[in-house]
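Visitor: Just protein.cif, nothing more (mmCIF, C-alpha atoms and all ligand atoms):
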data_input
loop_
_atom_site.label_atom_id
_atom_site.label_comp_id
_atom_site.auth_asym_id
_atom_site.auth_seq_id
_atom_site.Cartn_x
_atom_site.Cartn_y
_atom_site.Cartn_z
CA MET A 1 -23.51 7.98 8.12
CA LYS A 2 -24.48 11.57 8.83
CA LYS A 3 -24.34 12.52 12.50
CA ILE A 4 -24.65 16.29 12.35
CA GLU A 5 -26.01 18.35 9.49
CA VAL A 6 -25.66 22.10 9.58
CA ARG A 7 -27.77 24.00 7.08
CA ASN A 8 -27.53 27.71 6.30
CA LEU A 9 -26.53 28.57 9.83
CA TYR A 10 -26.14 32.19 10.95
CA LYS A 11 -25.19 33.77 14.24
CA ILE A 12 -25.33 37.52 14.59
CA PHE A 13 -24.25 39.05 17.89
CA GLY A 14 -25.87 42.30 18.90
CA PRO A 15 -29.14 43.91 19.86
CA ASP A 16 -31.12 43.25 16.66
CA PRO A 17 -29.99 40.07 14.87
CA ASP A 18 -33.05 40.09 12.59
CA LYS A 19 -32.02 43.47 11.28
CA GLY A 20 -28.53 42.04 10.77
CA MET A 21 -30.03 39.18 8.74
CA LYS A 22 -31.93 41.67 6.59
CA LEU A 23 -28.79 43.68 5.93
CA LEU A 24 -26.93 40.51 4.95
CA ALA A 25 -29.78 39.58 2.61
CA GLN A 26 -29.51 43.05 1.05
CA GLY A 27 -25.87 42.28 0.31
CA MET A 28 -24.20 44.32 3.02
CA ASP A 29 -20.98 42.70 4.17
CA LYS A 30 -19.95 41.76 7.67
CA GLN A 31 -17.56 44.70 8.02
CA ASP A 32 -20.15 47.30 7.00
CA ILE A 33 -22.76 45.77 9.29
CA HIS A 34 -20.34 46.04 12.17
CA GLU A 35 -19.42 49.64 11.35
CA LYS A 36 -23.01 50.78 10.83
CA THR A 37 -24.84 48.83 13.54
CA GLY A 38 -22.19 47.59 15.96
CA MET A 39 -23.43 44.03 15.40
CA THR A 40 -21.04 41.18 14.62
CA VAL A 41 -21.68 38.38 12.16
CA GLY A 42 -20.13 35.42 14.00
CA VAL A 43 -21.24 32.69 11.59
CA GLN A 44 -22.56 33.32 8.10
CA ASP A 45 -24.45 30.80 6.01
CA ALA A 46 -22.54 27.72 7.20
CA SER A 47 -23.61 24.41 5.66
CA PHE A 48 -21.77 21.14 6.10
CA THR A 49 -22.14 17.59 7.36
CA ILE A 50 -20.23 15.76 10.07
CA ASN A 51 -20.19 11.98 9.78
CA GLN A 52 -20.68 9.49 12.56
CA GLY A 53 -17.35 8.47 14.10
CA GLU A 54 -15.13 11.04 12.42
CA ILE A 55 -12.80 13.62 13.88
CA PHE A 56 -13.92 16.82 12.20
CA VAL A 57 -11.44 19.64 12.68
CA ILE A 58 -12.46 23.28 12.34
CA MET A 59 -9.63 25.64 11.45
CA GLY A 60 -9.43 29.32 10.71
CA LEU A 61 -7.78 32.53 11.82
CA SER A 62 -8.63 34.11 15.13
CA GLY A 63 -12.12 35.63 15.00
CA SER A 64 -13.19 33.54 11.99
CA GLY A 65 -16.08 32.03 13.98
CA LYS A 66 -14.81 28.60 15.06
CA SER A 67 -15.84 28.79 18.72
CA THR A 68 -19.16 30.37 17.86
CA LEU A 69 -19.91 27.63 15.35
CA VAL A 70 -18.99 24.81 17.73
CA ARG A 71 -21.05 26.31 20.54
CA THR A 72 -24.10 26.44 18.34
CA LEU A 73 -23.86 22.66 17.94
CA ASN A 74 -25.09 22.18 21.50
CA ARG A 75 -26.81 25.56 21.64
CA LEU A 76 -24.47 27.02 24.21
CA ILE A 77 -24.82 29.84 21.71
CA GLU A 78 -28.25 30.27 20.13
CA PRO A 79 -28.03 30.55 16.34
CA THR A 80 -29.89 33.40 14.69
CA SER A 81 -31.12 31.30 11.78
CA GLY A 82 -30.65 27.94 10.07
CA GLU A 83 -30.92 24.29 11.00
CA ILE A 84 -28.78 21.88 12.98
CA LEU A 85 -29.83 18.26 12.63
CA VAL A 86 -28.32 15.75 15.03
CA ASP A 87 -29.28 12.18 14.17
CA GLY A 88 -31.90 13.75 11.93
CA GLU A 89 -33.53 15.87 14.63
CA ASN A 90 -33.42 19.65 14.42
CA ILE A 91 -32.02 20.67 17.79
CA LEU A 92 -33.06 24.29 17.22
CA LYS A 93 -36.68 23.15 17.58
CA MET A 94 -36.08 21.58 21.00
CA ASP A 95 -37.61 23.21 24.06
CA LYS A 96 -35.56 23.81 27.17
CA ALA A 97 -36.17 20.40 28.75
CA GLU A 98 -35.47 18.53 25.51
CA LEU A 99 -32.30 20.53 25.07
CA VAL A 100 -31.06 19.64 28.55
CA THR A 101 -31.70 15.96 27.85
CA PHE A 102 -29.99 16.22 24.47
CA ARG A 103 -26.90 17.85 25.94
CA ARG A 104 -26.62 15.31 28.74
CA ALA A 105 -27.28 12.29 26.60
CA LYS A 106 -25.31 13.16 23.51
CA THR A 107 -22.67 15.82 24.00
CA GLY A 108 -19.52 16.41 26.00
CA MET A 109 -17.24 19.43 25.84
CA VAL A 110 -13.55 19.97 26.48
CA PHE A 111 -12.12 23.50 26.56
CA GLN A 112 -8.66 24.99 26.30
CA SER A 113 -8.85 26.34 29.83
CA PHE A 114 -9.10 23.25 31.96
CA ALA A 115 -11.74 24.91 34.14
CA LEU A 116 -11.09 22.54 37.00
CA MET A 117 -12.44 23.35 40.43
CA PRO A 118 -9.45 23.77 42.75
CA GLN A 119 -11.30 22.70 45.91
CA LEU A 120 -12.39 19.37 44.38
CA THR A 121 -10.19 16.31 43.91
CA VAL A 122 -9.46 14.95 40.46
CA ILE A 123 -12.18 12.32 40.64
CA GLU A 124 -14.68 14.79 42.08
CA ASN A 125 -13.93 17.16 39.22
CA VAL A 126 -14.57 14.42 36.67
CA ALA A 127 -17.74 13.26 38.44
CA PHE A 128 -19.04 16.80 38.78
CA GLY A 129 -20.98 16.90 35.49
CA LEU A 130 -22.56 13.57 36.34
CA ASP A 131 -23.74 15.07 39.60
CA LEU A 132 -26.06 17.34 37.63
CA ASP A 133 -27.43 14.22 35.99
CA GLY A 134 -28.92 12.97 39.24
CA MET A 135 -26.86 9.79 39.09
CA GLU A 136 -26.18 7.76 42.27
CA LYS A 137 -22.87 8.66 43.92
CA GLU A 138 -21.42 5.18 43.56
CA GLN A 139 -22.22 5.04 39.87
CA ARG A 140 -20.86 8.54 39.34
CA LEU A 141 -17.54 7.63 40.91
CA GLU A 142 -17.39 4.44 38.90
CA ARG A 143 -17.96 6.35 35.64
CA ALA A 144 -15.41 9.00 36.66
CA GLN A 145 -12.86 6.32 37.53
CA ASP A 146 -13.40 4.65 34.19
CA ALA A 147 -12.86 7.95 32.37
CA LEU A 148 -9.69 8.59 34.41
CA ASN A 149 -8.41 5.13 33.49
CA GLN A 150 -9.07 5.89 29.82
CA VAL A 151 -6.83 8.96 29.93
CA GLY A 152 -4.11 7.23 31.97
CA LEU A 153 -4.73 8.99 35.28
CA ASN A 154 -5.50 6.11 37.58
CA GLY A 155 -3.69 6.67 40.87
CA TRP A 156 -4.34 10.44 40.79
CA GLU A 157 -8.01 10.29 41.78
CA ASN A 158 -7.55 11.93 45.17
CA SER A 159 -5.04 14.58 44.16
CA TYR A 160 -6.03 18.21 43.76
CA PRO A 161 -5.67 20.05 40.42
CA LYS A 162 -2.81 22.21 41.69
CA GLU A 163 -0.75 19.06 42.30
CA LEU A 164 -0.97 18.15 38.61
CA SER A 165 1.06 19.36 35.61
CA GLY A 166 -0.68 21.24 32.78
CA GLY A 167 -0.78 18.09 30.66
CA MET A 168 -2.35 16.09 33.47
CA GLN A 169 -4.91 18.82 34.12
CA GLN A 170 -5.93 18.67 30.48
CA ARG A 171 -6.28 14.91 30.81
CA VAL A 172 -8.69 15.56 33.67
CA GLY A 173 -10.56 17.95 31.36
CA LEU A 174 -10.72 15.23 28.71
CA ALA A 175 -11.82 12.65 31.28
CA ARG A 176 -14.63 15.00 32.32
CA GLY A 177 -15.74 15.21 28.69
CA LEU A 178 -15.59 11.43 28.35
CA ALA A 179 -17.28 10.58 31.65
CA VAL A 180 -20.72 11.37 30.29
CA ASP A 181 -19.91 8.88 27.51
CA PRO A 182 -21.09 11.28 24.82
CA ASP A 183 -21.85 10.44 21.20
CA ILE A 184 -20.46 13.81 20.25
CA LEU A 185 -17.41 15.37 21.83
CA LEU A 186 -16.87 19.08 21.19
CA MET A 187 -13.28 20.14 21.76
CA ASP A 188 -12.36 23.83 21.61
CA GLU A 189 -8.60 24.30 21.28
CA ALA A 190 -8.44 21.56 23.88
CA PHE A 191 -4.72 20.93 23.55
CA SER A 192 -3.53 24.43 22.63
CA ALA A 193 -2.23 25.35 26.07
CA LEU A 194 -0.02 22.29 26.27
CA ASP A 195 3.64 22.20 25.40
CA PRO A 196 4.39 20.44 22.09
CA LEU A 197 5.48 17.10 23.51
CA ILE A 198 2.49 16.74 25.83
CA ARG A 199 0.27 17.99 23.05
CA THR A 200 1.41 15.19 20.74
CA GLU A 201 0.89 12.74 23.59
CA MET A 202 -2.70 13.96 24.06
CA GLN A 203 -3.37 13.73 20.32
CA ASP A 204 -2.16 10.11 20.43
CA GLU A 205 -4.38 9.50 23.43
CA LEU A 206 -7.36 10.89 21.58
CA LEU A 207 -6.63 8.76 18.49
CA LYS A 208 -6.28 5.69 20.69
CA LEU A 209 -9.61 6.39 22.38
CA GLN A 210 -11.15 7.01 19.00
CA ASP A 211 -9.95 3.61 17.77
CA GLN A 212 -11.80 2.01 20.65
CA GLN A 213 -14.98 4.06 20.69
CA GLU A 214 -15.54 5.89 17.44
CA ARG A 215 -17.20 8.99 18.80
CA THR A 216 -18.04 11.92 16.62
CA ILE A 217 -15.49 14.56 17.57
CA VAL A 218 -15.61 18.20 16.53
CA PHE A 219 -12.21 19.66 17.24
CA ILE A 220 -11.22 23.31 16.89
CA SER A 221 -7.58 23.92 16.23
CA HIS A 222 -5.28 26.71 15.12
CA ASP A 223 -2.54 24.27 14.38
CA LEU A 224 -2.32 22.70 10.94
CA ASP A 225 -0.01 19.91 12.10
CA GLU A 226 -2.59 18.96 14.70
CA ALA A 227 -5.40 19.11 12.14
CA LEU A 228 -3.49 16.90 9.72
CA ARG A 229 -2.53 14.48 12.44
CA ILE A 230 -5.95 13.87 13.93
CA GLY A 231 -8.52 15.15 11.44
CA ASP A 232 -10.46 12.80 9.19
CA ARG A 233 -11.85 15.93 7.56
CA ILE A 234 -11.16 19.60 8.01
CA ALA A 235 -13.42 22.64 7.67
CA ILE A 236 -11.71 25.95 7.00
CA MET A 237 -13.46 29.10 8.25
CA GLU A 238 -12.92 32.66 7.13
CA GLY A 239 -14.87 35.68 8.36
CA GLY A 240 -17.73 33.55 9.71
CA ARG A 241 -18.04 31.45 6.56
CA VAL A 242 -17.05 27.83 6.05
CA VAL A 243 -15.01 28.19 2.90
CA GLN A 244 -13.96 24.57 2.38
CA VAL A 245 -14.59 21.14 3.85
CA GLY A 246 -12.63 18.06 2.87
CA THR A 247 -10.04 15.49 3.78
CA PRO A 248 -6.54 16.94 4.22
CA GLU A 249 -5.57 15.37 0.87
CA GLU A 250 -8.54 16.88 -0.92
CA ILE A 251 -7.89 20.35 0.45
CA LEU A 252 -4.17 20.13 -0.19
CA GLN A 253 -4.75 19.07 -3.78
CA ASN A 254 -7.58 21.48 -4.50
CA PRO A 255 -7.58 24.47 -2.16
CA ALA A 256 -10.74 26.54 -2.67
CA ASP A 257 -8.96 29.90 -2.63
CA ASP A 258 -5.80 31.77 -1.62
CA TYR A 259 -6.85 31.90 2.03
CA VAL A 260 -7.05 28.10 2.20
CA ARG A 261 -3.87 27.76 0.16
CA ALA A 262 -2.07 30.02 2.65
CA PHE A 263 -3.07 27.69 5.49
CA PHE A 264 -1.52 24.74 3.77
CA ARG A 265 1.63 26.52 2.63
CA GLY A 266 4.69 24.73 3.92
CA VAL A 267 2.97 21.37 4.35
CA ASP A 268 4.91 18.52 2.79
CA PRO A 269 2.25 16.99 0.54
CA THR A 270 4.07 13.65 0.35
CA GLY A 271 3.33 13.09 4.04
CA VAL A 272 -0.38 13.82 3.65
CA ILE A 273 -1.35 12.36 0.30
CA SER A 274 -1.47 8.59 0.02
CA ALA A 275 -1.02 6.24 -2.92
CA GLY A 276 -4.77 5.59 -2.90
CA ASP A 277 -5.47 9.30 -3.41
CA ILE A 278 -3.68 9.46 -6.72
CA VAL A 279 -4.08 5.93 -8.00
CA ARG A 280 -5.38 5.54 -11.55
CA ASP A 281 -6.96 2.46 -12.98
CA THR A 282 -5.11 1.26 -16.04
CA GLN A 283 -7.76 -0.97 -17.45
CA PRO A 284 -6.16 -1.18 -20.91
CA THR A 285 -2.99 -2.78 -19.59
CA VAL A 286 -4.65 -5.05 -17.06
CA ILE A 287 -4.82 -8.66 -18.11
CA TRP A 288 -6.65 -11.42 -16.38
CA HIS A 289 -4.72 -14.24 -14.83
CA THR A 290 -5.19 -16.96 -17.46
CA PRO A 291 -3.88 -20.49 -17.82
CA ALA A 292 -0.67 -21.44 -19.57
CA GLY A 293 -0.11 -20.39 -23.15
CA SER A 294 -1.10 -16.75 -22.72
CA LEU A 295 2.39 -15.26 -22.93
CA ARG A 296 2.35 -14.70 -26.67
CA ALA A 297 -1.18 -13.30 -26.57
CA THR A 298 -0.17 -10.88 -23.83
CA LEU A 299 2.91 -9.80 -25.76
CA GLU A 300 0.77 -9.22 -28.82
CA LEU A 301 -1.72 -7.22 -26.80
CA LEU A 302 1.02 -4.99 -25.39
CA ASN A 303 2.58 -4.49 -28.82
CA ASN A 304 -0.79 -3.66 -30.37
CA ARG A 305 -1.42 -1.09 -27.68
CA ASP A 306 2.11 0.20 -27.71
CA ARG A 307 2.43 -0.49 -24.01
CA GLU A 308 5.40 -1.88 -22.16
CA TYR A 309 3.81 -3.27 -18.98
CA ALA A 310 0.75 -5.31 -18.14
CA TYR A 311 -0.73 -5.78 -14.68
CA VAL A 312 -1.97 -9.29 -14.07
CA ILE A 313 -5.00 -9.67 -11.86
CA GLY A 314 -7.24 -12.60 -11.01
CA SER A 315 -10.87 -13.03 -10.22
CA LYS A 316 -12.10 -10.41 -7.73
CA ARG A 317 -9.23 -8.20 -8.93
CA THR A 318 -6.60 -9.92 -6.79
CA PHE A 319 -3.22 -8.58 -7.83
CA PHE A 320 -0.72 -11.17 -9.05
CA GLY A 321 2.18 -9.39 -10.72
CA VAL A 322 3.57 -7.27 -13.51
CA VAL A 323 4.91 -8.45 -16.85
CA SER A 324 6.72 -6.43 -19.48
CA THR A 325 7.37 -6.93 -23.18
CA ASP A 326 10.98 -7.78 -22.20
CA SER A 327 10.07 -10.25 -19.47
CA LEU A 328 7.55 -11.93 -21.78
CA CYS A 329 10.07 -12.19 -24.63
CA ASP A 330 12.76 -13.52 -22.31
CA THR A 331 10.44 -16.16 -20.90
CA ILE A 332 9.22 -17.22 -24.33
CA GLU A 333 12.80 -17.40 -25.67
CA ALA A 334 14.05 -19.32 -22.63
CA ASP A 335 11.41 -21.92 -23.35
CA GLY A 336 12.86 -22.55 -26.79
CA GLN A 337 10.38 -24.76 -28.66
CA GLY A 338 7.60 -24.04 -26.18
CA LYS A 339 7.71 -27.54 -24.74
CA ASN A 340 7.42 -26.50 -21.12
CA LYS A 341 4.45 -24.25 -21.69
CA PRO A 342 5.56 -21.43 -19.38
CA LYS A 343 2.90 -19.72 -17.34
CA ILE A 344 2.33 -15.99 -17.07
CA GLU A 345 3.84 -16.11 -13.54
CA ASP A 346 7.13 -17.17 -15.10
CA ALA A 347 7.31 -13.76 -16.79
CA PHE A 348 6.54 -11.70 -13.66
CA ILE A 349 9.11 -9.03 -12.89
CA PRO A 350 10.23 -10.11 -9.41
CA GLU A 351 10.78 -6.55 -8.08
CA ALA A 352 7.42 -5.30 -9.30
CA LYS A 353 5.59 -5.48 -6.00
CA ALA A 354 2.41 -3.64 -5.12
CA VAL A 355 2.13 -0.91 -2.47
CA GLN A 356 -0.84 -0.45 -0.17
CA ASP A 357 -3.28 2.34 -0.97
CA ASP A 358 -2.86 3.90 2.48
CA GLU A 359 0.92 4.29 2.17
CA SER A 360 1.95 7.93 1.93
CA LEU A 361 3.70 9.31 -1.13
CA GLN A 362 6.73 9.75 1.11
CA ASP A 363 6.76 6.00 1.73
CA ILE A 364 6.42 5.00 -1.91
CA LEU A 365 8.67 7.70 -3.38
CA LYS A 366 11.72 5.43 -3.68
CA LYS A 367 9.80 2.74 -5.52
CA VAL A 368 8.20 5.20 -7.91
CA ALA A 369 11.55 6.83 -8.61
CA SER A 370 13.65 3.71 -8.97
CA HIS A 371 11.43 1.52 -11.17
CA PRO A 372 10.48 2.21 -14.76
CA TRP A 373 6.98 0.67 -14.43
CA PRO A 374 4.09 2.54 -12.80
CA ILE A 375 3.77 1.13 -9.28
CA PRO A 376 0.76 -1.14 -8.71
CA VAL A 377 -1.48 -0.23 -5.79
CA VAL A 378 -3.67 -2.64 -3.84
CA ASP A 379 -6.23 -2.20 -1.10
CA GLU A 380 -6.11 -3.92 2.28
CA ASP A 381 -7.55 -7.10 0.75
CA GLY A 382 -4.84 -7.25 -1.92
CA LYS A 383 -7.22 -6.11 -4.66
CA TYR A 384 -5.73 -4.17 -7.55
CA ARG A 385 -6.75 -0.51 -7.55
CA GLY A 386 -4.54 0.82 -10.32
CA VAL A 387 -1.11 2.36 -10.55
CA VAL A 388 0.89 5.37 -9.45
CA SER A 389 3.23 6.58 -12.15
CA LYS A 390 6.05 9.09 -12.05
CA ASN A 391 3.82 11.47 -13.98
CA SER A 392 0.87 11.29 -11.61
CA PHE A 393 3.25 11.61 -8.65
CA LEU A 394 4.87 14.76 -10.02
CA ARG A 395 1.55 16.17 -11.18
CA THR A 396 0.19 15.78 -7.65
CA LEU A 397 3.20 17.48 -6.10
CA TYR A 398 2.97 20.28 -8.60
CA ARG A 399 -0.70 20.81 -7.88
CA ALA A 400 -0.19 20.72 -4.14
CA GLU A 401 2.65 23.23 -4.34
CA ASN A 402 0.89 25.55 -6.74
CA GLY A 403 -2.75 24.95 -5.96
CA SER A 404 -3.33 24.49 -9.68
CA HIS A 405 -6.57 22.88 -10.73
CA PHE A 406 -5.39 20.99 -13.74
CA GLY A 407 -6.47 17.47 -13.47
CA ASN A 408 -5.29 14.30 -11.94
CA ASN A 409 -8.45 12.71 -13.18
CA PRO A 410 -9.56 10.56 -16.05
CA THR A 411 -10.96 13.56 -17.90
CA ASP A 412 -7.70 15.43 -18.21
CA GLY A 413 -6.91 13.77 -21.48
CA THR A 414 -3.83 11.80 -20.47
CA HIS A 415 -3.46 8.05 -20.08
CA GLU A 416 -1.31 6.15 -17.68
CA GLY A 417 0.10 4.10 -20.52
CA GLU A 418 1.61 7.22 -21.99
CA ASP A 419 4.02 7.48 -19.09
CA LYS A 420 6.64 5.42 -20.81
CA CYS A 421 6.76 7.83 -23.73
N1 LIG B 501 -20.59 37.09 22.75
C1 LIG B 501 -20.18 37.79 21.71
N2 LIG B 501 -20.63 39.03 21.47
C2 LIG B 501 -20.24 39.73 20.39
N3 LIG B 501 -19.38 39.29 19.48
C3 LIG B 501 -18.90 38.05 19.66
C4 LIG B 501 -19.25 37.24 20.77
N4 LIG B 501 -18.60 36.05 20.68
C5 LIG B 501 -17.87 36.12 19.56
N5 LIG B 501 -18.03 37.32 18.94
C6 LIG B 501 -17.43 37.75 17.69
O1 LIG B 501 -17.72 36.77 16.70
C7 LIG B 501 -16.61 36.59 15.84
C8 LIG B 501 -16.21 35.13 15.87
O2 LIG B 501 -15.64 34.85 17.16
P1 LIG B 501 -15.15 33.40 17.59
O3 LIG B 501 -14.73 33.48 19.00
O4 LIG B 501 -16.18 32.42 17.22
O5 LIG B 501 -13.90 33.22 16.64
P2 LIG B 501 -12.76 32.11 16.73
O6 LIG B 501 -12.45 31.74 15.32
O7 LIG B 501 -13.16 31.03 17.64
O8 LIG B 501 -11.55 32.95 17.33
P3 LIG B 501 -10.36 32.45 18.28
O9 LIG B 501 -9.55 31.53 17.47
O10 LIG B 501 -9.64 33.72 18.59
O11 LIG B 501 -10.99 31.82 19.48
C9 LIG B 501 -15.52 37.52 16.33
O12 LIG B 501 -15.58 38.70 15.58
C10 LIG B 501 -15.92 37.80 17.77
O13 LIG B 501 -15.47 39.07 18.19
#
Using C-alpha cells, write down the structure that the file contains.

Guide:
Amino acid sequence: MKKIEVRNLYKIFGPDPDKGMKLLAQGMDKQDIHEKTGMTVGVQDASFTINQGEIFVIMGLSGSGKSTLVRTLNRLIEPTSGEILVDGENILKMDKAELVTFRRAKTGMVFQSFALMPQLTVIENVAFGLDLDGMEKEQRLERAQDALNQVGLNGWENSYPKELSGGMQQRVGLARGLAVDPDILLMDEAFSALDPLIRTEMQDELLKLQDQQERTIVFISHDLDEALRIGDRIAIMEGGRVVQVGTPEEILQNPADDYVRAFFRGVDPTGVISAGDIVRDTQPTVIWHTPAGSLRATLELLNNRDREYAYVIGSKRTFFGVVSTDSLCDTIEADGQGKNKPKIEDAFIPEAKAVQDDESLQDILKKVASHPWPIPVVDEDGKYRGVVSKNSFLRTLYRAENGSHFGNNPTDGTHEGEDKC
C-alpha cells in the first residue's frame, strides 16, 4: 500500500526559485544555473513511491540532495514545485495549522547529530517533543519511558546526556523519534556518527522495532552495507535527481547507469540476491503427483521432451520431489514384472531437496554446484516456484558483476531444460 507518493518534486535554493524553474524548463542544467544565477537545484524532478511499512533508504554522494528531499517530506524544507501525497493527501496544500497537526500526528525525525539538550535528563529529552503537543505530564513521561524501553535504555532515565556513550545518546535520539509514535520516521544519517559495532547494533534494534511495529521509515545513508542490511528498497540520488529506485537485488542486477553501478561495485551479489529472485518456472518438466502406474508415462514424457529431470508437484503446487530418467528406469527395472506397481515417490532422488525462495545465493551455492539437477525452489508454504540452475546462477553473477542487461527472463530465448545440454 502506498504511504508516500512524490510527484515531480523540485527544490531550488536561492532568491528566485521560479526563475530557476524556468531555466530548468528551458533545458539549462543545474551547474549552469548555479554559475549564472547563484541558485542551487537541490532536488530536480523527483518522482517515486514509498510503501506502507517499508524501510526506504535514500543513497547518493554528498550534495546529491538526500537531506533536502527528506526534509521536504515533512516540509521542514518547502519544495518549489511538485506534489507530496501522504495517505493520499497532498501535504503541500496544507495550511500552517494543518501542517503542524500532520507533523505531530504522523512524522518523527532522527538526525545524525543527537541534538540532545545537555541540561535535561534522558527522559526529559525524550519527552520534550511531547511537551509541545500539550500532553499531560504523566502521560508524556509514560510515553517517553515506553520509548526508552523500546531502545533498551530503561534504567538511564535520570542520567544526563554527557553521562552516556555516543551509541546510547543516539538511542535517546531514536527514542525521541519513537515517542511520538509516528507512522513515518525520517532518519537522516541517524547512525553515521556511531562506531561500526554500535552502528550494527542500532541497525538490529531498528529492524527489531520494525518487526513489531511496521512503520514507514525513510532512511538516508551513505553506507551501502547499511542500505543493504536494512533497506527494503533503495533510491539512488545523483545531482538532485532520483536516478533509480528498487530492491537491492533489482538494482544490483540492473543498475540504471554507471553512477549506480559504481555504488554497488564490490558488493558480493550472492549475499544480496536470493533464490526467489532468479527462480524460473519449468512448466514443461513439472508433472502432477499422480497415482501409481505413472512411472512409464513420466519416462516417456521426459524422453519425448529430451529432458532428464521432472519436478513432481501436487494440487496447490505443493512440491513433492524430483525424478530423473535414471531414477525412473531403475525403479521400473527393480520392479521386474511390474507386480508391485511402484509409485512415483519410489523414483524420487533422495538428495533432491527444495530450497526456500528467501535463501541467498550464498546459502544455496553448494547445492547448485554439487547436484546435476536444477535446484527446486519453494515458498514459505512449500509451494513449488520453479528451479535455479547452474546457468541462471552464473548468468545472474555475470550480470551483477558487469551490469549487463541481457536477460534472466523468459523472453531471453533460453529454457531451463536446456541446462543439461
Ligand atoms: N539551505 C540551503 N541553501 C542553499 N543551498 C542548499 C541549502 N541546503 C542544501 N543546499 C544545496 O543543495 C544541494 C543538496 O544538498 P543536500 O544537503 O540535500 O545533499 P545531501 O545529499 O544530503 O548531502 P550530504 O550527504 O553531504 O548531507 C547541495 O548542493 C547543497 O549545497

Visitor: Please indicate the distance in Å from CA of Glu351 in chain A to CA of Ile332 in chain A, rounded to one decimal place.

Guide: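 If I compute the distance from CA of Glu351 in chain A to CA of Ile332 in chain A, I get 19.5 Å.
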
Visitor: Find the residue from A:Asp16, A:Asp183, A:Glu201, A:Glu238 that sits nearest to ligand LIG 501 (chain B); use all atoms listed in the file when measuring.

Guide: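 Smallest separation from ligand LIG 501 (chain B) among the options: A:Glu238.
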
Visitor: Kindly give the distance, in Å, that separates CA of Asp363 in chain A and CA of Glu205 in chain A, rounded to a single decimal.

Guide: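 Distance between the two atoms: 24.6 Å.
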
Visitor: As JSON, numbers by chain, please: the residues near Gln119 in chain A (cut-off 12 Å, all atoms listed in the file, same-chain neighbours under 6 positions excluded).

Guide: {"A": [125, 158, 159, 160, 161, 162, 163]}

Visitor: Which polymer residues have any atom within 10 Å of an atom of Asp381 in chain A, counting all atoms listed in the file, with same-chain residues fewer than 5 positions away left out, as JSON, numbers by chain?

Guide: {"A": [317, 318, 319, 356]}

Visitor: Give as a list in words the residues surrounding ligand LIG 501 (chain B) up to a distance of 7 Å, considering all atoms listed in the file.

Guide: Phe13, Gly14, Thr40, Val41, Gly42, Gly60, Leu61, Ser62, Gly63, Ser64, Gly65, Lys66, Ser67, Thr68, Leu69, His222 and Gly240 of chain A

Visitor: One decimal, Å: what's the distance from CA of Ser165 in chain A over to CA of Gln213 in chain A, could you say?

Guide: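 Separation between CA of Ser165 in chain A and CA of Gln213 in chain A: 26.7 Å.
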
Visitor: May I ask which of the residues A:Glu250, A:Glu83, A:Asp146, A:Glu78 is the closest one to Val180 in chain A, counting only C-alpha atoms?

Guide: A:Asp146

Visitor: So, with all atoms listed in the file as the atoms that count, which of A:Asp45, A:Val126, A:Met109, A:Ala190 lies closest to Met21 in chain A?

Guide: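 Answer, going by the shortest atom-to-atom distance: A:Asp45.
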
Visitor: Taking 2 positions as the minimum chain separation for residues in the same chain, which residues sit within 9 Å of Gly271 in chain A when counting only C-alpha atoms? Answer as a PyMOL selection string.

Guide: chain A and resi 267-269+273-274+360-363

Visitor: What lies within 12 Å of Glu89 in chain A using all atoms listed in the file, ignoring chain neighbours under 5 positions off, as a ChimeraX atom specification?

Guide: /A:2-6,83-84,94,98-99,102
